[in-house]
$ cat target12.txt   # compact mmCIF, C-alpha atoms
# COMPACT_ATOMS: atom_id res chain seq x y z
CA MET H 1 81.71 81.58 126.88
CA GLN H 2 84.20 84.31 127.55
CA SER H 3 83.74 84.15 131.28
CA LYS H 4 85.09 80.61 131.30
CA LEU H 5 88.37 81.74 129.88
CA SER H 6 91.17 82.35 132.27
CA ASN H 7 92.66 85.80 132.14
CA LYS H 8 95.05 85.16 134.98
CA LYS H 9 98.04 85.42 132.74
CA LEU H 10 97.05 88.81 131.43
CA PRO H 11 98.25 91.86 133.35
CA LEU H 12 94.75 93.32 133.22
CA PRO H 13 93.11 93.12 136.64
CA HIS H 14 90.61 95.94 136.10
CA SER H 15 87.59 95.87 133.86
CA LEU H 16 84.62 97.87 132.65
CA LYS H 17 81.66 95.88 131.34
CA PHE H 18 78.61 97.33 129.69
CA GLU H 19 76.23 96.99 126.74
CA ALA H 20 76.31 99.55 123.96
CA ILE H 21 75.58 99.83 120.23
CA GLY H 22 74.03 96.38 120.10
CA THR H 23 76.80 94.37 121.68
CA ARG H 24 78.50 93.58 124.98
CA TRP H 25 81.68 95.45 125.82
CA ARG H 26 84.49 94.48 128.09
CA ILE H 27 87.41 96.85 128.61
CA GLU H 28 90.23 95.30 130.59
CA THR H 29 93.04 97.46 131.83
CA ALA H 30 96.35 97.32 133.68
CA GLN H 31 95.40 100.23 135.92
CA GLU H 32 91.95 101.33 136.87
CA VAL H 33 90.32 103.55 134.26
CA GLY H 34 90.24 107.01 135.77
CA ALA H 35 86.98 108.87 136.20
CA GLU H 36 87.90 111.35 133.52
CA SER H 37 88.79 108.67 130.98
CA ALA H 38 85.67 106.67 131.82
CA THR H 39 83.52 109.75 131.31
CA GLN H 40 85.15 110.37 127.95
CA VAL H 41 84.59 106.74 126.93
CA PHE H 42 80.87 106.83 127.67
CA GLU H 43 80.47 110.29 126.17
CA THR H 44 82.19 109.06 123.01
CA ILE H 45 79.84 106.10 122.75
CA ARG H 46 76.77 108.28 123.34
CA THR H 47 77.82 110.81 120.70
CA PHE H 48 78.51 108.05 118.20
CA ASP H 49 75.22 106.30 118.91
CA MET H 50 73.15 109.46 118.60
CA LYS H 51 74.69 110.11 115.21
CA TRP H 52 75.00 106.70 113.57
CA SER H 53 72.63 104.22 115.17
CA ARG H 54 69.75 103.15 112.95
CA PHE H 55 68.26 101.49 116.04
CA ARG H 56 67.55 104.89 117.64
CA THR H 57 64.46 106.81 116.57
CA ASN H 58 66.17 110.12 117.34
CA SER H 59 69.56 109.53 115.73
CA LEU H 60 70.86 111.56 112.82
CA VAL H 61 70.96 108.46 110.63
CA THR H 62 67.28 107.78 111.35
CA MET H 63 66.48 111.40 110.49
CA ARG H 64 68.30 111.06 107.17
CA SER H 65 66.16 108.03 106.37
CA LYS H 66 63.19 110.40 106.35
CA VAL H 67 64.58 113.74 105.24
CA ALA H 68 67.39 114.45 102.78
CA GLY H 69 70.22 116.62 104.02
CA SER H 70 73.73 116.09 105.23
CA ILE H 71 75.73 114.44 107.97
CA SER H 72 78.92 116.24 108.95
CA LEU H 73 81.92 113.94 109.15
CA ASP H 74 84.88 113.81 111.48
CA ALA H 75 88.16 112.72 109.91
CA ASP H 76 87.79 109.07 110.94
CA GLU H 77 84.18 108.96 109.74
CA GLU H 78 85.23 110.40 106.41
CA ALA H 79 87.95 107.74 106.16
CA MET H 80 85.34 105.10 106.94
CA LEU H 81 82.99 106.29 104.20
CA LEU H 82 85.78 106.61 101.66
CA LEU H 83 86.69 103.01 102.41
CA TYR H 84 83.03 101.98 102.18
CA ARG H 85 82.91 103.58 98.74
CA ARG H 86 85.97 101.68 97.53
CA LEU H 87 84.59 98.40 98.84
CA TYR H 88 81.24 99.19 97.20
CA ASN H 89 83.05 99.62 93.88
CA ILE H 90 85.20 96.51 94.19
CA SER H 91 82.29 94.32 95.29
CA ASN H 92 80.17 95.65 92.41
CA GLY H 93 77.63 96.99 94.84
CA ALA H 94 77.27 93.88 97.00
CA MET H 95 78.65 95.67 100.08
CA THR H 96 77.22 99.08 100.88
CA PRO H 97 76.23 101.21 103.88
CA LEU H 98 72.88 101.64 102.09
CA ILE H 99 71.91 98.12 103.20
CA GLY H 100 69.92 99.60 106.12
CA ARG H 101 66.54 99.52 104.42
CA THR H 102 67.04 95.95 103.23
CA LEU H 103 68.00 94.74 106.72
CA ALA H 104 65.04 96.56 108.23
CA ASP H 105 62.70 95.02 105.63
CA LEU H 106 64.03 91.59 106.57
CA GLY H 107 63.05 92.25 110.16
CA TYR H 108 66.37 93.44 111.55
CA ASP H 109 64.83 96.80 112.30
CA ALA H 110 64.94 99.42 115.02
CA SER H 111 62.44 97.56 117.18
CA TYR H 112 63.94 94.12 116.48
CA SER H 113 60.62 92.98 115.03
CA LEU H 114 62.50 90.11 113.32
CA GLN H 115 59.45 89.90 111.08
CA PRO H 116 60.32 90.00 107.36
CA GLN H 117 58.16 92.29 105.22
CA LYS H 118 56.26 90.91 102.24
CA SER H 119 58.49 92.83 99.89
CA VAL H 120 62.14 93.41 100.64
CA HIS H 121 63.92 96.29 98.96
CA ASN H 122 67.32 95.91 97.35
CA ALA H 123 69.74 98.62 98.41
CA VAL H 124 69.48 101.87 96.45
CA ALA H 125 72.46 102.86 94.30
CA TRP H 126 75.13 104.99 95.96
CA ASP H 127 75.39 107.60 93.19
CA THR H 128 71.72 108.47 93.14
CA THR H 129 71.59 108.64 96.93
CA LEU H 130 74.84 109.75 98.50
CA GLU H 131 77.53 112.26 97.75
CA LEU H 132 80.69 112.10 99.79
CA ARG H 133 82.16 115.55 100.17
CA LEU H 134 85.01 116.94 102.19
CA SER H 135 83.84 116.61 105.80
CA SER H 136 80.24 115.80 104.95
CA LEU H 137 77.98 113.13 103.55
CA GLU H 138 75.15 114.55 101.46
CA PHE H 139 71.89 112.67 101.06
CA ILE H 140 70.42 113.41 97.63
CA GLN H 141 67.37 111.46 98.73
CA PRO H 142 66.46 110.05 102.14
CA ALA H 143 67.97 106.63 102.82
CA LEU H 144 68.61 104.39 105.80
CA LEU H 145 72.31 103.88 106.40
CA ASP H 146 73.73 100.90 108.23
CA ILE H 147 77.40 101.21 109.08
CA GLY H 148 77.39 97.89 110.90
CA ALA H 149 80.47 96.74 108.99
CA ALA H 150 82.66 99.52 110.34
CA GLY H 151 81.02 101.52 113.09
CA LYS H 152 81.91 99.24 115.96
CA GLY H 153 85.54 99.16 114.86
CA LEU H 154 85.62 102.93 114.55
CA LEU H 155 84.25 103.25 118.07
CA VAL H 156 86.80 100.75 119.42
CA ASP H 157 89.52 102.94 117.89
CA ARG H 158 88.11 106.10 119.45
CA ILE H 159 87.92 104.48 122.86
CA SER H 160 91.43 103.08 122.50
CA THR H 161 92.70 106.57 121.71
CA ILE H 162 91.21 107.84 124.96
CA LEU H 163 92.62 104.96 126.99
CA LYS H 164 96.11 105.33 125.50
CA ARG H 165 96.38 108.76 127.10
CA GLN H 166 96.09 107.21 130.53
CA LEU H 167 97.06 103.56 130.29
CA GLU H 168 100.09 101.60 129.16
CA SER H 169 98.24 98.36 128.63
CA PHE H 170 94.63 97.45 127.92
CA THR H 171 92.26 95.41 125.77
CA VAL H 172 88.98 96.67 124.34
CA ASP H 173 86.69 93.76 123.51
CA ALA H 174 83.48 94.84 121.81
CA GLY H 175 81.65 91.52 121.68
CA GLY H 176 84.51 89.77 119.89
CA ASP H 177 85.96 92.72 117.99
CA ILE H 178 89.15 93.24 119.93
CA TYR H 179 91.93 95.82 120.16
CA VAL H 180 95.00 94.83 122.20
CA TYR H 181 97.44 97.48 123.39
CA GLY H 182 100.66 97.24 125.37
CA HIS H 183 100.76 93.46 125.70
CA VAL H 184 100.29 90.33 123.60
CA GLU H 185 97.14 88.22 123.56
CA LYS H 186 96.61 84.88 121.92
CA ILE H 187 92.99 85.09 120.81
CA GLY H 188 90.97 82.03 119.84
CA LEU H 189 88.98 81.97 116.59
CA GLU H 190 85.53 80.73 117.53
CA HIS H 191 84.21 77.82 115.48
CA PRO H 192 81.03 79.16 113.86
CA ASP H 193 79.23 75.82 114.27
CA ASP H 194 80.38 75.04 117.80
CA ILE H 195 81.27 77.81 120.20
CA SER H 196 82.97 75.38 122.55
CA LYS H 197 85.66 75.01 119.89
CA ILE H 198 88.21 77.27 118.28
CA ILE H 199 89.66 76.70 114.82
CA GLY H 200 92.95 78.40 115.57
CA THR H 201 94.55 81.37 117.27
CA VAL H 202 95.84 84.80 116.34
CA SER H 203 98.56 86.42 118.40
CA THR H 204 97.65 90.08 118.72
CA HIS H 205 99.79 93.02 119.85
CA ASN H 206 98.94 96.69 119.29
CA GLN H 207 96.48 95.52 116.66
CA ALA H 208 92.82 94.76 116.25
CA LEU H 209 91.28 91.39 115.51
CA CYS H 210 87.70 91.42 114.28
CA GLY H 211 85.50 88.53 113.25
CA SER H 212 82.29 88.18 111.33
CA ALA H 213 80.01 85.21 110.93
CA SER H 214 76.43 84.57 110.03
CA ASN H 215 75.83 82.21 112.94
CA ARG H 216 74.78 84.52 115.75
CA ARG H 217 72.60 87.33 114.42
CA THR H 218 69.99 85.02 112.97
CA TRP H 219 66.20 85.10 112.94
CA ARG H 220 63.58 83.06 111.10
CA GLY H 221 66.16 81.59 108.75
CA TYR H 222 67.72 84.97 107.97
CA HIS H 223 71.03 86.47 108.98
CA HIS H 224 72.62 89.87 108.61
CA ILE H 225 75.16 89.25 105.85
CA ILE H 226 73.22 90.26 102.78
CA ASP H 227 74.17 90.93 99.19
CA ALA H 228 72.80 94.44 98.65
CA ARG H 229 72.13 93.89 94.95
CA ASP H 230 69.37 91.33 95.35
CA ALA H 231 68.85 91.12 99.13
CA SER H 232 70.08 87.51 99.11
CA LEU H 233 71.83 85.82 102.01
CA VAL H 234 75.56 85.33 101.54
CA ASP H 235 76.19 81.69 102.43
CA SER H 236 79.31 80.91 100.40
CA ILE H 237 81.47 81.81 103.41
CA VAL H 238 80.58 81.03 107.02
CA ALA H 239 83.11 83.04 109.01
CA THR H 240 85.91 85.55 108.55
CA TRP H 241 88.55 87.19 110.70
CA ALA H 242 90.86 90.10 109.99
CA LEU H 243 93.88 91.45 111.84
CA SER H 244 94.75 95.10 111.16
CA ASP H 245 96.41 98.05 112.82
CA THR H 246 93.06 99.68 113.50
CA ALA H 247 89.78 98.14 114.58
CA MET H 248 87.90 100.05 111.88
CA HIS H 249 90.03 98.43 109.19
CA ALA H 250 89.77 94.99 110.78
CA ASP H 251 86.00 95.35 111.20
CA MET H 252 85.48 96.41 107.59
CA ALA H 253 87.81 93.73 106.28
CA ALA H 254 85.96 91.03 108.22
CA THR H 255 82.71 91.95 106.49
CA ALA H 256 84.33 92.67 103.13
CA LEU H 257 85.81 89.14 103.01
CA PHE H 258 82.27 87.83 102.51
CA PHE H 259 81.97 89.86 99.30
CA ILE H 260 85.48 90.38 97.98
CA GLU H 261 88.15 87.79 97.29
CA ALA H 262 90.94 88.09 99.88
CA GLN H 263 93.76 88.97 97.50
CA THR H 264 91.66 91.63 95.84
CA LEU H 265 90.72 93.07 99.19
CA GLN H 266 94.41 93.30 100.05
CA SER H 267 94.78 96.06 97.45
CA VAL H 268 92.42 98.25 99.46
CA LEU H 269 92.86 97.13 103.07
CA ASP H 270 96.13 95.99 104.57
CA THR H 271 94.94 93.07 106.60
CA ILE H 272 95.84 89.54 107.65
CA TYR H 273 92.84 87.32 107.07
CA VAL H 274 91.23 83.97 107.83
CA VAL H 275 88.21 82.76 105.84
CA MET H 276 86.15 79.66 106.63
CA TYR H 277 83.91 78.02 104.03
CA PRO H 278 80.87 75.79 104.49
CA GLY H 279 82.09 72.30 105.26
CA GLY H 280 85.06 73.55 107.23
CA ALA H 281 87.71 74.44 104.65
CA VAL H 282 89.82 77.37 105.80
CA ARG H 283 91.97 79.74 103.79
CA TYR H 284 94.27 82.16 105.56
CA ALA H 285 97.20 84.47 105.09
CA LYS H 286 100.35 82.67 106.11
CA ASN H 287 101.74 84.67 108.96
CA LYS H 288 103.67 83.91 112.11
CA GLU H 289 100.85 85.37 114.21
CA ILE H 290 98.30 82.87 112.91
CA GLU H 291 97.91 79.23 113.83
CA ILE H 292 95.11 77.17 112.25
CA TYR H 293 94.30 73.68 113.47
CA GLY H 294 94.16 72.07 110.03
CA MET J 1 100.53 60.38 101.83
CA GLN J 2 97.03 60.73 100.51
CA ASP J 3 96.90 63.93 102.47
CA ASN J 4 99.41 65.46 100.15
CA LYS J 5 97.12 64.89 97.22
CA ALA J 6 94.26 66.39 99.07
CA LYS J 7 96.30 69.50 99.71
CA LEU J 8 97.11 69.87 96.04
CA ILE J 9 93.51 69.52 95.11
CA GLY J 10 92.81 72.17 97.69
CA LEU J 11 95.08 74.53 95.83
CA VAL J 12 93.20 73.98 92.61
CA VAL J 13 90.03 74.75 94.46
CA ILE J 14 91.42 77.99 95.72
CA ALA J 15 92.47 79.00 92.24
CA LEU J 16 88.83 78.68 91.31
CA LEU J 17 87.89 80.78 94.25
CA ALA J 18 90.05 83.63 93.12
CA VAL J 19 88.35 83.73 89.79
CA ALA J 20 84.97 83.89 91.34
CA GLY J 21 85.90 87.25 92.77
CA THR J 22 83.55 86.51 95.58
CA GLY J 23 83.53 83.60 97.92
CA ALA J 24 82.51 80.37 96.26
CA VAL J 25 84.09 77.08 97.03
CA VAL J 26 84.32 74.01 94.86
CA MET J 27 85.10 70.96 96.90
CA LEU J 28 86.84 68.00 95.31
CA ASN J 29 86.41 64.83 97.24
CA ASN J 30 87.90 62.28 94.89
CA ARG J 31 91.59 61.98 95.62
CA GLU J 32 92.57 60.35 92.33
CA PRO J 33 94.11 62.84 89.92
CA THR J 34 92.10 61.55 86.97
CA ASN J 35 88.45 62.00 86.16
CA GLN J 36 87.45 63.73 89.31
CA THR J 37 83.89 64.55 89.96
CA SER J 38 82.64 66.33 92.98
CA GLU J 39 79.31 66.26 94.65
CA ALA J 40 76.12 68.26 94.59
CA GLN J 41 75.59 71.48 92.64
CA ASP J 42 79.23 72.39 92.31
CA SER J 43 80.93 70.13 89.84
CA THR J 44 84.56 69.96 88.90
CA THR J 45 86.51 67.58 86.77
CA THR J 46 90.24 67.14 86.68
CA THR J 47 92.06 65.22 84.00
CA GLU J 48 95.73 64.52 83.69
CA HIS J 49 97.33 65.28 80.36
CA ALA J 50 98.91 62.35 78.67
CA ASN J 51 102.33 63.85 78.38
CA ALA J 52 105.88 62.70 77.96
CA LYS J 53 107.18 64.03 81.23
CA SER J 54 104.92 61.99 83.43
CA THR J 55 107.42 60.53 85.83
CA GLU J 56 106.16 58.41 88.65
CA ASN J 57 107.43 59.74 91.93
CA THR J 58 107.56 57.71 95.08
CA GLY J 59 103.91 56.93 94.74
CA ASN J 60 102.88 59.20 97.53
CA SER J 61 102.49 62.37 95.54
CA TYR J 62 101.24 63.62 92.19
CA LYS J 63 102.98 62.77 88.99
CA ASP J 64 104.75 65.63 87.34
CA GLY J 65 102.68 67.08 84.59
CA THR J 66 99.91 69.44 83.73
CA TYR J 67 96.49 69.09 85.23
CA ASP J 68 93.30 70.68 84.04
CA ALA J 69 90.36 71.43 86.26
CA ASP J 70 87.08 72.60 84.81
CA GLY J 71 84.82 73.98 87.44
CA SER J 72 81.35 75.31 87.61
CA TYR J 73 80.32 76.96 90.78
CA ARG J 74 77.77 79.33 92.11
CA THR J 75 78.43 82.93 93.01
CA PRO J 76 76.01 85.58 94.21
CA GLY J 77 75.89 86.67 90.56
CA GLY J 78 74.89 83.23 89.28
CA ALA J 79 76.68 80.17 87.94
CA GLU J 80 80.21 80.66 86.67
CA ARG J 81 82.53 78.40 84.68
CA VAL J 82 86.28 78.45 84.66
CA SER J 83 89.23 76.31 83.60
CA VAL J 84 92.39 76.05 85.63
CA LYS J 85 95.60 74.51 84.30
CA VAL J 86 98.14 73.62 86.96
CA THR J 87 101.68 72.41 86.29
CA LEU J 88 103.27 70.21 88.92
CA ILE J 89 106.94 69.37 89.37
CA ASP J 90 107.87 67.29 92.39
CA SER J 91 104.39 67.84 93.75
CA THR J 92 104.92 71.59 93.72
CA ILE J 93 102.78 73.87 91.65
CA THR J 94 105.06 75.68 89.28
CA ALA J 95 102.54 77.34 87.00
CA VAL J 96 98.89 78.18 87.01
CA GLU J 97 96.80 79.30 84.11
CA VAL J 98 93.22 80.36 84.50
CA THR J 99 90.79 80.81 81.66
CA GLY J 100 87.09 81.43 81.61
CA SER J 101 84.88 84.07 83.09
CA GLY J 102 86.61 86.50 85.36
CA SER J 103 90.09 85.53 84.14
CA GLY J 104 93.00 87.67 85.17
CA GLU J 105 96.76 87.79 85.31
CA SER J 106 98.44 84.48 86.03
CA ALA J 107 100.75 86.25 88.39
CA GLN J 108 97.84 87.13 90.59
CA TYR J 109 96.94 83.50 90.98
CA GLN J 110 100.47 82.40 91.70
CA GLU J 111 100.39 84.85 94.56
CA LEU J 112 97.56 82.87 96.07
CA PHE J 113 99.70 79.89 96.80
CA LYS J 114 101.45 81.73 99.56
CA ASP J 115 98.21 81.38 101.45
CA GLY J 116 97.59 78.61 103.88
CA ILE J 117 94.85 76.15 103.05
CA SER J 118 93.23 73.60 105.29
CA ASP J 119 90.69 71.24 103.79
CA VAL J 120 88.58 70.71 106.85
CA VAL J 121 89.27 72.37 110.14
CA VAL J 122 87.59 70.57 112.99
CA GLY J 123 88.95 72.80 115.71
CA LYS J 124 90.03 72.11 119.24
CA ASN J 125 88.14 72.38 122.45
CA ILE J 126 88.56 75.78 123.91
CA ASN J 127 89.58 74.36 127.27
CA GLU J 128 92.59 72.65 125.76
CA ILE J 129 94.14 75.83 124.47
CA GLN J 130 95.59 78.76 126.38
CA VAL J 131 93.75 81.70 124.93
CA SER J 132 92.81 84.92 126.64
CA ARG J 133 89.52 85.38 124.79
CA VAL J 134 87.74 84.43 121.59
CA SER J 135 86.69 86.28 118.47
CA GLY J 136 83.78 85.26 116.29
CA SER J 137 80.61 86.89 115.16
CA SER J 138 79.81 89.81 117.44
CA LEU J 139 77.91 89.02 120.59
CA THR J 140 74.35 90.21 120.40
CA SER J 141 72.67 92.63 122.76
CA THR J 142 70.03 91.85 125.34
CA GLY J 143 67.46 93.55 123.09
CA PHE J 144 68.19 91.24 120.19
CA ASN J 145 68.29 88.18 122.42
CA ASN J 146 64.93 89.10 123.95
CA ALA J 147 63.42 89.48 120.50
CA ILE J 148 64.69 86.03 119.55
CA GLU J 149 63.18 84.62 122.73
CA THR J 150 59.84 86.18 121.83
CA ILE J 151 59.91 84.50 118.42
CA LYS J 152 60.69 81.16 119.99
CA GLN J 153 57.82 81.50 122.43
CA GLU J 154 55.44 82.47 119.64
CA ALA J 155 56.54 79.41 117.72
CA THR J 156 55.91 77.19 120.70
CA THR J 157 52.48 78.58 121.54
CA SER J 158 51.28 78.54 117.93
CA ALA J 159 52.51 74.99 117.37
$ encode --input "target12.txt" --output "structure tokens"
Amino acid sequence: MQSKLSNKKLPLPHSLKFEAIGTRWRIETAQEVGAESATQVFETIRTFDMKWSRFRTNSLVTMRSKVAGSISLDADEEAMLLLYRRLYNISNGAMTPLIGRTLADLGYDASYSLQPQKSVHNAVAWDTTLELRLSSLEFIQPALLDIGAAGKGLLVDRISTILKRQLESFTVDAGGDIYVYGHVEKIGLEHPDDISKIIGTVSTHNQALCGSASNRRTWRGYHHIIDARDASLVDSIVATWALSDTAMHADMAATALFFIEAQTLQSVLDTIYVVMYPGGAVRYAKNKEIEIYG
Amino acid sequence: MQDNKAKLIGLVVIALLAVAGTGAVVMLNNREPTNQTSEAQDSTTTTEHANAKSTENTGNSYKDGTYDADGSYRTPGGAERVSVKVTLIDSTITAVEVTGSGSGESAQYQELFKDGISDVVVGKNINEIQVSRVSGSSLTSTGFNNAIETIKQEATTSA
């Protein structure tokens, strides 16, 4: 779908396209990404993947699903986990990075078996499993983490930081989670039931727009937005979008909107939101950047 | 302006949403302000108070007055019930009171009405609009897509 869109008006003639961390990336830039920057970008992705991917048998996260111990945290990772903890509290445990086991049981596992197990585990409680310390995450018992609600955003931010050193204008598009720098982009909000349609637009400048919906990552009647407390599918909302200063915040907000009422979420995450309900009703923050075709 | 009524009903619906604390929508389809009943599992009734200050406007908006909506709706935690009392003057909501499970400060709910609400968004064809790109659920990887293909093939061969 994206290839059909005209980018002629954007001052971004150069692009890098690749697949990483389970999605398709497209980095478009005003000037060509230098060899040094490109190397840093791919190194950053590799480092992140080897640490956090539950789809890699040799990642640190996979190791912690088998053996208790700790994961050392960089400042942004610590910020991510602190935010996860607050969202866990506010959602009464519905949203948690400990959803990994549940997703794997449902078939969304490291080998993409897409074959649900006979018994599906609810997520284990945070306090009996994890302890967030200064610069480290301690595993009291082994557990499978899934930072799918934030990891991609965090990686978009890291890559953007690298690119900002070299470039005045660029867009990082990680499969629909988008950071725009140095120019303005009017980004369409994809209709979850019909990808040939958009339900509105968000004008984005030096900000990140992230979306989440249950329409694409689906298998055998399941999807990946799961209430951790009882492993049930969340179907009361069909799509969300969030506009924030960082991609990590926008990414987390987009997922959190499935579990936490928008105004409540605002107390934790400064974000401009759009929420679409089954049947097509849309609720959104009134903002000059947002246009909804109501 | 039936649409106007629909919008107002939409606001009542959103008040219910806020109380749910999680996403749950109660749709009201009946556009009359009295004795509303919605469809399916989620049921909501709205009744107009017989009150003195019920002035008929131009006929294309709600009468001034206080409206009650009792809603039951499903949340991930189970069925919830709530009552919402909305006061309208010149078709504008001037006060909201929420009682029932998950009740909170009225002020919090008033804040909600700054939000935009659209009853049903159909969308526009992507070709009609000048956009640089789209955002939705994240694109999936080749690995995931291949796995889906495998499932589909299994389904076809076993059928």
$ interface_residues --input "target12.txt" --of "chain H" --to "chain J" --cutoff "6 Å" --atoms "all atoms listed in the file" --output "ChimeraX atom specification"
/H:7,22-23,175-176,186-190,196-199,211-213,236,259-261,280-286,293-294
$ atom_distance --input "target12.txt" --atom1 "CA of Ala149 (chain H)" --atom2 "CA of Phe258 (chain H)"
11.2 Å
$ residues_near_point --input "target12.txt" --point "(68.0, 93.7, 101.2)" --cutoff "6 Å" --atoms "all atoms listed in the file" --output "list in words"
Thr102, Leu103, Val120, His121, Asn122, Ala123, Ala228 and Ala231 of chain H
$ atom_distance --input "target12.txt" --atom1 "CA of Thr204 (chain H)" --atom2 "CA of Thr240 (chain H)"
16.2 Å
$ closest_residue --input "target12.txt" --among "H:Cys210, H:Val172, H:Ala247, H:Ala110" --to "Leu16 (chain H)" --atoms "all atoms listed in the file"
H:Val172
